[in-house]
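Just below is one structure, and these are the notes that go with it.
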Amino acid sequence: MSKFTALQREAILRRISDVPLQSVFKFIDNSELTLDECVENGLLINDIPINQFEKWIKQSLLDLDKLADLGLNLSLVEEIRKSIERSEELQENYDLINDDMMIIQDIQKHLRSGGVTEEGLLEKTTIDKELLNEIKGYEKKEHPSQNNDVALIKGTDIFFFGKASSGKTCVLASIFNYAEKEGLFIDNMVSIHGINYKNLIVNELKNSILPDSTPAEKKAVTYISTELILDGEANPLNFVEMSGEFFSKAAQDPKEIMNTIDAHGYLSNSNKKLLFFIVDYKMYSDNEKSSVSSQANDFNNLVGILDGYKKALQNAYCVYIVVNKSDKFPKGTVDKNEFAKSFFMKNFKSVYANLKQKEKKHNFDLRILHYSIGNLIFKNSYLSKINYDCPKNIIQSISQQAYRKNEDSVIGKFFKSKE
Ligand SMILES: Nc1nc2c(ncn2[C@@H]2O[C@H](COP(=O)(O)OP(=O)(O)O)[C@@H](O)[C@H]2O)c(=O)[nH]1
Ligand SMILES: [Mg+2]
């Protein structure tokens, strides 16, 4: 819009109180007139709706402190001040959400308390209607880990080691979710508590909900017994998840071994084993240096303990290094397994050397894989898309390993040659 000439301006200002309010607002919006000069020439400031002042203040066309001088009622000025503060507060929350700094439970709380609004979320964040409904309906149940002290049955034992919140429970949930979808596992009720726990975490994963971190107590060892069905043959698998702090404690103080790493004697039985070391890629890239004991220290200690412990390593078919949370790998990483390998070999050199040496000594396989349960949003609190490739590959590998006992059979040879 073209600017007024000096003459036009003067004429409009002279009869400003006759000009329709909406036109006056437009002139001010377009910086053709200022509120000051309009008021000076007879515009009644108390006739202007307060949201109009807010708009001008946000656009820096007006200073809040000037409104009282211009004659606006003090109570209205106060109302505007509060309203601006509130919208700044709301905006702060929208910024946090857009920067992926707010977990879903907090968004839900803010929705209830007015810290964000439904319209605001739809307008000012990338949340769409569907996701908004998910947030409103989000419900996470409290589920303490199940006390599992049932002895492991005969079969292949699969252990998960890793720091707290490295993602062990999520990997388990993701594996069982895929197995359920494809009909690969049959529950074994021997570990009824473990099966209940498994059903819960799978169900939650399906609803995009992530598990609570496994607490550091002896009873927090989770044992899930299942049977892998391959070509009509049932292969018992015992999945065991250890709590994170337990693993760190045991790694730092060998006296803790009996109570911790070998809780319930799970590690010392004579079953063949697959050992999963869960490396948290995100923890490493975020703040590893600030943590008390690095993942590398813990893993090195663990390898030492396992080497000396009964036949833990001798009975291992395979040690898997799982570089977890690979959805956080640098954008554009094409071969994630290759990236996981070089990441581990570069940043966990001593653990790698240590394991290579044990691999020779005990003749197990050493594998390095990446893993991700899917795409996570809201500060890693909500799973927006499930990944099926990672659990598929791991189950395939577990199947091949579990078939080793049939190495001389035709199918055993077939799998062996494929590995
Ligand atoms: N980005 C990303 N975060 C994950 C993934 N898996 C787990 N997490 C995050 O890590 C947290 C802890 O996972 P959890 O399985 O409870 O760890 P645990 O203590 O080792 O059992 C989860 O709540 C998620 O925020 C993943 O694949 N990608
Ligand atoms: Mg856990």
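Here's how to read the names in the structure tokens: chain A, B, ... by the order shown, residue numbers from 1 in each chain, ligand numbers from 1 in the order shown.
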As a quick test: using only C-alpha atoms and all ligand atoms, which residues lie no more than 9 Å away from ligand 1? Give them as an mmCIF file with N, CA and C atoms, in the first residue's frame.
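Output below, filename selection_5.cif:
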data_model
loop_
_atom_site.group_PDB
_atom_site.id
_atom_site.type_symbol
_atom_site.label_atom_id
_atom_site.label_comp_id
_atom_site.auth_asym_id
_atom_site.auth_seq_id
_atom_site.Cartn_x
_atom_site.Cartn_y
_atom_site.Cartn_z
ATOM 1 N N PHE A 160 21.320 -59.593 28.137
ATOM 2 C CA PHE A 160 21.473 -58.194 27.748
ATOM 3 C C PHE A 160 22.207 -57.445 28.841
ATOM 4 N N PHE A 161 23.368 -56.904 28.495
ATOM 5 C CA PHE A 161 24.118 -56.075 29.431
ATOM 6 C C PHE A 161 24.218 -54.660 28.881
ATOM 7 N N GLY A 162 24.205 -53.700 29.776
ATOM 8 C CA GLY A 162 24.358 -52.317 29.319
ATOM 9 C C GLY A 162 23.997 -51.382 30.445
ATOM 10 N N LYS A 163 24.466 -50.173 30.323
ATOM 11 C CA LYS A 163 24.162 -49.176 31.351
ATOM 12 C C LYS A 163 22.656 -48.933 31.452
ATOM 13 N N ALA A 164 22.249 -48.339 32.577
ATOM 14 C CA ALA A 164 20.841 -47.978 32.725
ATOM 15 C C ALA A 164 20.453 -47.034 31.596
ATOM 16 N N SER A 165 19.295 -47.264 31.060
ATOM 17 C CA SER A 165 18.700 -46.473 29.979
ATOM 18 C C SER A 165 19.471 -46.547 28.660
ATOM 19 N N SER A 166 20.285 -47.585 28.507
ATOM 20 C CA SER A 166 20.949 -47.775 27.212
ATOM 21 C C SER A 166 19.953 -48.331 26.191
ATOM 22 N N GLY A 167 18.794 -48.803 26.685
ATOM 23 C CA GLY A 167 17.748 -49.242 25.758
ATOM 24 C C GLY A 167 17.505 -50.742 25.742
ATOM 25 N N LYS A 168 17.951 -51.443 26.792
ATOM 26 C CA LYS A 168 17.806 -52.901 26.815
ATOM 27 C C LYS A 168 16.345 -53.342 26.745
ATOM 28 N N THR A 169 15.509 -52.749 27.581
ATOM 29 C CA THR A 169 14.101 -53.147 27.605
ATOM 30 C C THR A 169 13.432 -52.827 26.271
ATOM 31 N N CYS A 170 13.809 -51.702 25.683
ATOM 32 C CA CYS A 170 13.229 -51.339 24.380
ATOM 33 C C CYS A 170 13.619 -52.357 23.316
ATOM 34 N N VAL A 171 14.872 -52.815 23.339
ATOM 35 C CA VAL A 171 15.301 -53.817 22.357
ATOM 36 C C VAL A 171 14.484 -55.094 22.544
ATOM 37 N N LEU A 172 14.317 -55.491 23.813
ATOM 38 C CA LEU A 172 13.520 -56.695 24.098
ATOM 39 C C LEU A 172 12.093 -56.526 23.578
ATOM 40 N N ALA A 173 11.489 -55.388 23.909
ATOM 41 C CA ALA A 173 10.108 -55.138 23.484
ATOM 42 C C ALA A 173 10.023 -55.190 21.964
ATOM 43 N N ILE A 209 4.420 -46.303 23.444
ATOM 44 C CA ILE A 209 4.856 -45.937 24.802
ATOM 45 C C ILE A 209 6.147 -46.677 25.132
ATOM 46 N N LEU A 210 7.110 -45.960 25.745
ATOM 47 C CA LEU A 210 8.400 -46.576 26.065
ATOM 48 C C LEU A 210 8.430 -47.021 27.522
ATOM 49 N N PRO A 211 9.174 -48.082 27.802
ATOM 50 C CA PRO A 211 9.174 -48.632 29.170
ATOM 51 C C PRO A 211 9.905 -47.724 30.158
ATOM 52 N N ASP A 212 9.636 -47.985 31.455
ATOM 53 C CA ASP A 212 10.415 -47.305 32.489
ATOM 54 C C ASP A 212 11.802 -47.907 32.516
ATOM 55 N N SER A 213 12.754 -47.135 32.972
ATOM 56 C CA SER A 213 14.107 -47.659 33.100
ATOM 57 C C SER A 213 14.103 -48.758 34.167
ATOM 58 N N THR A 214 14.856 -49.837 33.919
ATOM 59 C CA THR A 214 14.880 -50.945 34.868
ATOM 60 C C THR A 214 15.630 -50.538 36.134
ATOM 61 N N PRO A 215 14.990 -50.612 37.302
ATOM 62 C CA PRO A 215 15.658 -50.146 38.526
ATOM 63 C C PRO A 215 16.808 -51.053 38.945
ATOM 64 N N GLU A 241 17.371 -59.851 31.083
ATOM 65 C CA GLU A 241 17.821 -58.451 31.105
ATOM 66 C C GLU A 241 18.290 -58.098 32.507
ATOM 67 N N MET A 242 19.504 -57.535 32.592
ATOM 68 C CA MET A 242 20.029 -57.119 33.891
ATOM 69 C C MET A 242 19.813 -55.612 34.030
ATOM 70 N N SER A 243 19.581 -55.146 35.251
ATOM 71 C CA SER A 243 19.415 -53.705 35.436
ATOM 72 C C SER A 243 20.755 -53.013 35.216
ATOM 73 N N GLY A 244 20.686 -51.800 34.778
ATOM 74 C CA GLY A 244 21.887 -51.070 34.392
ATOM 75 C C GLY A 244 22.877 -50.833 35.514
ATOM 76 N N GLU A 245 22.395 -50.318 36.647
ATOM 77 C CA GLU A 245 23.331 -50.004 37.730
ATOM 78 C C GLU A 245 23.977 -51.268 38.287
ATOM 79 N N ILE A 278 24.846 -53.888 25.052
ATOM 80 C CA ILE A 278 24.104 -52.769 24.471
ATOM 81 C C ILE A 278 24.879 -51.464 24.688
ATOM 82 N N ASP A 280 25.130 -47.537 24.141
ATOM 83 C CA ASP A 280 24.219 -46.417 23.874
ATOM 84 C C ASP A 280 24.945 -45.365 23.038
ATOM 85 N N TYR A 281 24.604 -45.342 21.751
ATOM 86 C CA TYR A 281 25.266 -44.377 20.854
ATOM 87 C C TYR A 281 24.964 -42.946 21.286
ATOM 88 N N LYS A 282 23.725 -42.740 21.739
ATOM 89 C CA LYS A 282 23.298 -41.385 22.094
ATOM 90 C C LYS A 282 24.023 -40.909 23.353
ATOM 91 N N ASN A 324 23.314 -49.087 19.878
ATOM 92 C CA ASN A 324 21.867 -48.840 19.963
ATOM 93 C C ASN A 324 21.504 -47.374 19.711
ATOM 94 N N LYS A 325 20.240 -47.152 19.372
ATOM 95 C CA LYS A 325 19.700 -45.812 19.091
ATOM 96 C C LYS A 325 20.287 -45.255 17.792
ATOM 97 N N SER A 326 20.393 -46.156 16.813
ATOM 98 C CA SER A 326 21.047 -45.781 15.554
ATOM 99 C C SER A 326 20.229 -44.768 14.758
ATOM 100 N N ASP A 327 18.971 -44.544 15.200
ATOM 101 C CA ASP A 327 18.216 -43.461 14.541
ATOM 102 C C ASP A 327 18.890 -42.113 14.783
ATOM 103 N N LYS A 328 19.808 -42.070 15.754
ATOM 104 C CA LYS A 328 20.539 -40.829 16.035
ATOM 105 C C LYS A 328 21.902 -40.766 15.317
ATOM 106 N N TYR A 371 21.216 -50.888 16.070
ATOM 107 C CA TYR A 371 19.822 -51.177 16.429
ATOM 108 C C TYR A 371 19.068 -49.886 16.675
ATOM 109 N N SER A 372 17.813 -49.917 16.291
ATOM 110 C CA SER A 372 16.930 -48.792 16.614
ATOM 111 C C SER A 372 15.519 -49.331 16.690
ATOM 112 N N ILE A 373 14.779 -48.894 17.691
ATOM 113 C CA ILE A 373 13.384 -49.361 17.787
ATOM 114 C C ILE A 373 12.491 -48.573 16.838
ATOM 115 N N GLY A 374 12.998 -47.486 16.300
ATOM 116 C CA GLY A 374 12.205 -46.692 15.357
ATOM 117 C C GLY A 374 12.510 -45.217 15.474
ATOM 118 N N ASN A 375 11.562 -44.395 15.013
ATOM 119 C CA ASN A 375 11.766 -42.946 15.139
ATOM 120 C C ASN A 375 11.149 -42.468 16.434
ATOM 121 N N LEU A 376 11.931 -41.743 17.213
ATOM 122 C CA LEU A 376 11.409 -41.225 18.472
ATOM 123 C C LEU A 376 11.259 -39.720 18.414
ATOM 124 N N ILE A 377 10.167 -39.250 18.979
ATOM 125 C CA ILE A 377 9.979 -37.803 19.064
ATOM 126 C C ILE A 377 9.703 -37.427 20.517
ATOM 127 N N LYS A 379 11.536 -35.670 22.798
ATOM 128 C CA LYS A 379 12.698 -35.965 23.653
ATOM 129 C C LYS A 379 12.789 -37.465 23.938
ATOM 130 N N ASN A 380 12.648 -38.254 22.891
ATOM 131 C CA ASN A 380 12.759 -39.707 23.004
ATOM 132 C C ASN A 380 11.718 -40.358 23.893
ATOM 133 N N SER A 381 10.568 -39.707 24.067
ATOM 134 C CA SER A 381 9.572 -40.291 24.959
ATOM 135 C C SER A 381 8.433 -40.944 24.181
ATOM 136 N N TYR A 382 8.422 -40.795 22.869
ATOM 137 C CA TYR A 382 7.291 -41.283 22.090
ATOM 138 C C TYR A 382 7.796 -41.855 20.772
ATOM 139 N N LEU A 383 7.344 -43.076 20.498
ATOM 140 C CA LEU A 383 7.775 -43.768 19.289
ATOM 141 C C LEU A 383 6.817 -43.426 18.155
ATOM 142 N N ASN A 387 10.459 -49.558 13.858
ATOM 143 C CA ASN A 387 11.412 -50.158 12.927
ATOM 144 C C ASN A 387 11.280 -51.691 13.021
#
Segment 34-187 of chain A: residues DSSP assigns to alpha helix (DSSP H), reported as a ChimeraX atom specification = /A:35-40,50-58,66-69,74-98,104-113,118-124,129-137,168-182
key: Who sits within 9 Å of Ala234 of chain A, only C-alpha atoms, same chain under 5 positions skipped, as a PyMOL selection string   = chain A and resi 185-186+227-229
For Lys154 of chain A: contacts at 10 Å, only C-alpha atoms, fewer than 3 positions along chain excluded, given as a CSV table (one decimal) with N, CA and C atoms, in the first residue's frame:
chain,number,residue,atom,x,y,z
A,151,ALA,N,14.5,-70.7,37.9
A,151,ALA,CA,15.8,-71.2,37.3
A,151,ALA,C,15.5,-71.2,35.8
A,157,ASP,N,20.6,-69.3,26.3
A,157,ASP,CA,20.4,-68.1,27.1
A,157,ASP,C,20.9,-66.8,26.4
A,235,ASN,N,12.9,-74.3,19.7
A,235,ASN,CA,14.2,-74.0,20.3
A,235,ASN,C,14.0,-73.1,21.5
A,236,PRO,N,14.2,-73.6,22.7
A,236,PRO,CA,13.9,-72.8,23.9
A,236,PRO,C,15.0,-71.7,24.0
A,237,LEU,N,14.5,-70.4,24.2
A,237,LEU,CA,15.4,-69.3,24.4
A,237,LEU,C,15.0,-68.7,25.7
A,238,ASN,N,16.1,-68.4,26.5
A,238,ASN,CA,15.9,-67.7,27.8
A,238,ASN,C,16.5,-66.3,27.7
A,269,ASN,N,24.9,-71.2,34.7
A,269,ASN,CA,24.4,-72.5,34.3
A,269,ASN,C,25.1,-72.9,33.0
A,270,SER,N,24.8,-74.2,32.6
A,270,SER,CA,25.7,-74.7,31.6
A,270,SER,C,25.1,-74.5,30.2
A,271,ASN,N,24.0,-73.8,30.1
A,271,ASN,CA,23.4,-73.5,28.8
A,271,ASN,C,24.3,-72.8,27.9
A,272,LYS,N,24.1,-72.9,26.6
A,272,LYS,CA,24.9,-72.1,25.6
A,272,LYS,C,24.3,-70.7,25.7
ask   = Please, which residues of segment 64-260 of chain A, numbered as in this document, come out strand (DSSP E) from DSSP, as a PyMOL selection string?
value = chain A and resi 156-161+185-187+222-230+233-241
Residue nearest ligand 2 - candidates A:Tyr197, A:Asp63, A:Pro391, A:Lys58, atoms counted: only C-alpha atoms and all ligand atoms = A:Tyr197
task = Please identify all polymer residues within 9 Å of Leu44 of chain A, counting only C-alpha atoms, omitting same-chain residues fewer than 6 positions from it, and present them as a ChimeraX atom specification.
result = /A:17,38,71
Go ahead and dump the residues you just picked, N, CA and C atoms, as an mmCIF file, in the first residue's frame.
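Written file, out-v2.cif:
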data_model
loop_
_atom_site.group_PDB
_atom_site.id
_atom_site.type_symbol
_atom_site.label_atom_id
_atom_site.label_comp_id
_atom_site.auth_asym_id
_atom_site.auth_seq_id
_atom_site.Cartn_x
_atom_site.Cartn_y
_atom_site.Cartn_z
ATOM 1 N N SER A 17 -11.395 10.750 14.493
ATOM 2 C CA SER A 17 -12.458 10.134 15.298
ATOM 3 C C SER A 17 -13.653 9.725 14.437
ATOM 4 N N CYS A 38 -2.673 9.389 16.539
ATOM 5 C CA CYS A 38 -4.120 9.212 16.422
ATOM 6 C C CYS A 38 -4.795 9.659 17.714
ATOM 7 N N GLY A 71 -3.444 7.195 28.111
ATOM 8 C CA GLY A 71 -4.768 7.328 28.706
ATOM 9 C C GLY A 71 -5.566 6.048 28.828
#
request  = Identify, on the basis of only C-alpha atoms, every residue whose closest approach to Lys341 of chain A does not exceed 10 Å; exclude the query and any residue fewer than 5 positions from it along the same chain; express the result as a list in words.
outcome  = Ile321, Val322, Val323, Lys336, Lys346, Arg367, Ile368, Leu369 and His370 of chain A
ask   = Quick one: of A:Leu33, A:Ala353, A:Leu64, A:Ile28, who's nearest to Glu78 of chain A, counting only C-alpha atoms?
value =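 Among A:Leu33, A:Ala353, A:Leu64, A:Ile28, it is A:Leu64 that comes nearest to Glu78 of chain A.
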key: Residue nearest Val150 of chain A - candidates A:Ser225, A:Gln91, A:Lys109, A:Met102, atoms counted: only C-alpha atoms   = A:Ser225
inquiry  = Using only C-alpha atoms, which protein or nucleic acid residues come within 6 Å of Phe276 of chain A? Drop anything in the same chain fewer than 3 positions from it, and give the result as number ranges by chain.
reply    = A: 159-160, 319-320
Go ahead and save the residues from that selection, with N, CA and C atoms, as a compact mmCIF listing (two decimals), in the first residue's frame.
# COMPACT_ATOMS: atom_id res chain seq x y z
N PHE A 159 21.61 -62.95 27.03
CA PHE A 159 21.79 -61.94 28.07
C PHE A 159 21.93 -60.55 27.47
N PHE A 160 21.32 -59.59 28.14
CA PHE A 160 21.47 -58.19 27.75
C PHE A 160 22.21 -57.44 28.84
N VAL A 319 29.06 -63.12 20.84
CA VAL A 319 28.93 -61.87 21.58
C VAL A 319 28.52 -60.80 20.57
N TYR A 320 27.39 -60.19 20.84
CA TYR A 320 26.89 -59.14 19.95
C TYR A 320 27.17 -57.77 20.57
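Comparing A:Leu96, A:Val240, A:Glu134, A:Arg86 by their smallest distance to ligand 2, the closest is A:Val240 (using only C-alpha atoms and all ligand atoms).
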request  = Using only C-alpha atoms, find the one residue out of A:Val303, A:Phe176, A:Leu35, A:Asp231 that sits nearest to Cys390 of chain A.
outcome  =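 When distances to Cys390 of chain A are compared using only C-alpha atoms, the smallest one comes from A:Phe176.
Restricting the calculation to only C-alpha atoms and all ligand atoms, the smallest distance between ligand 2 and any of A:Lys358, A:Ile97, A:Ile395, A:Val221 is found for A:Val221.
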ask   = So how far away is atom CA of Val279 of chain A from atom CA of Ile175 of chain A, in Å?
value =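 Atom-to-atom, atom CA of Ile175 of chain A to atom CA of Val279 of chain A, that is 16.8 Å.
The interatomic distance for the pair atom CA of Ser350 of chain A and atom CA of Ile398 of chain A works out to 26.1 Å.
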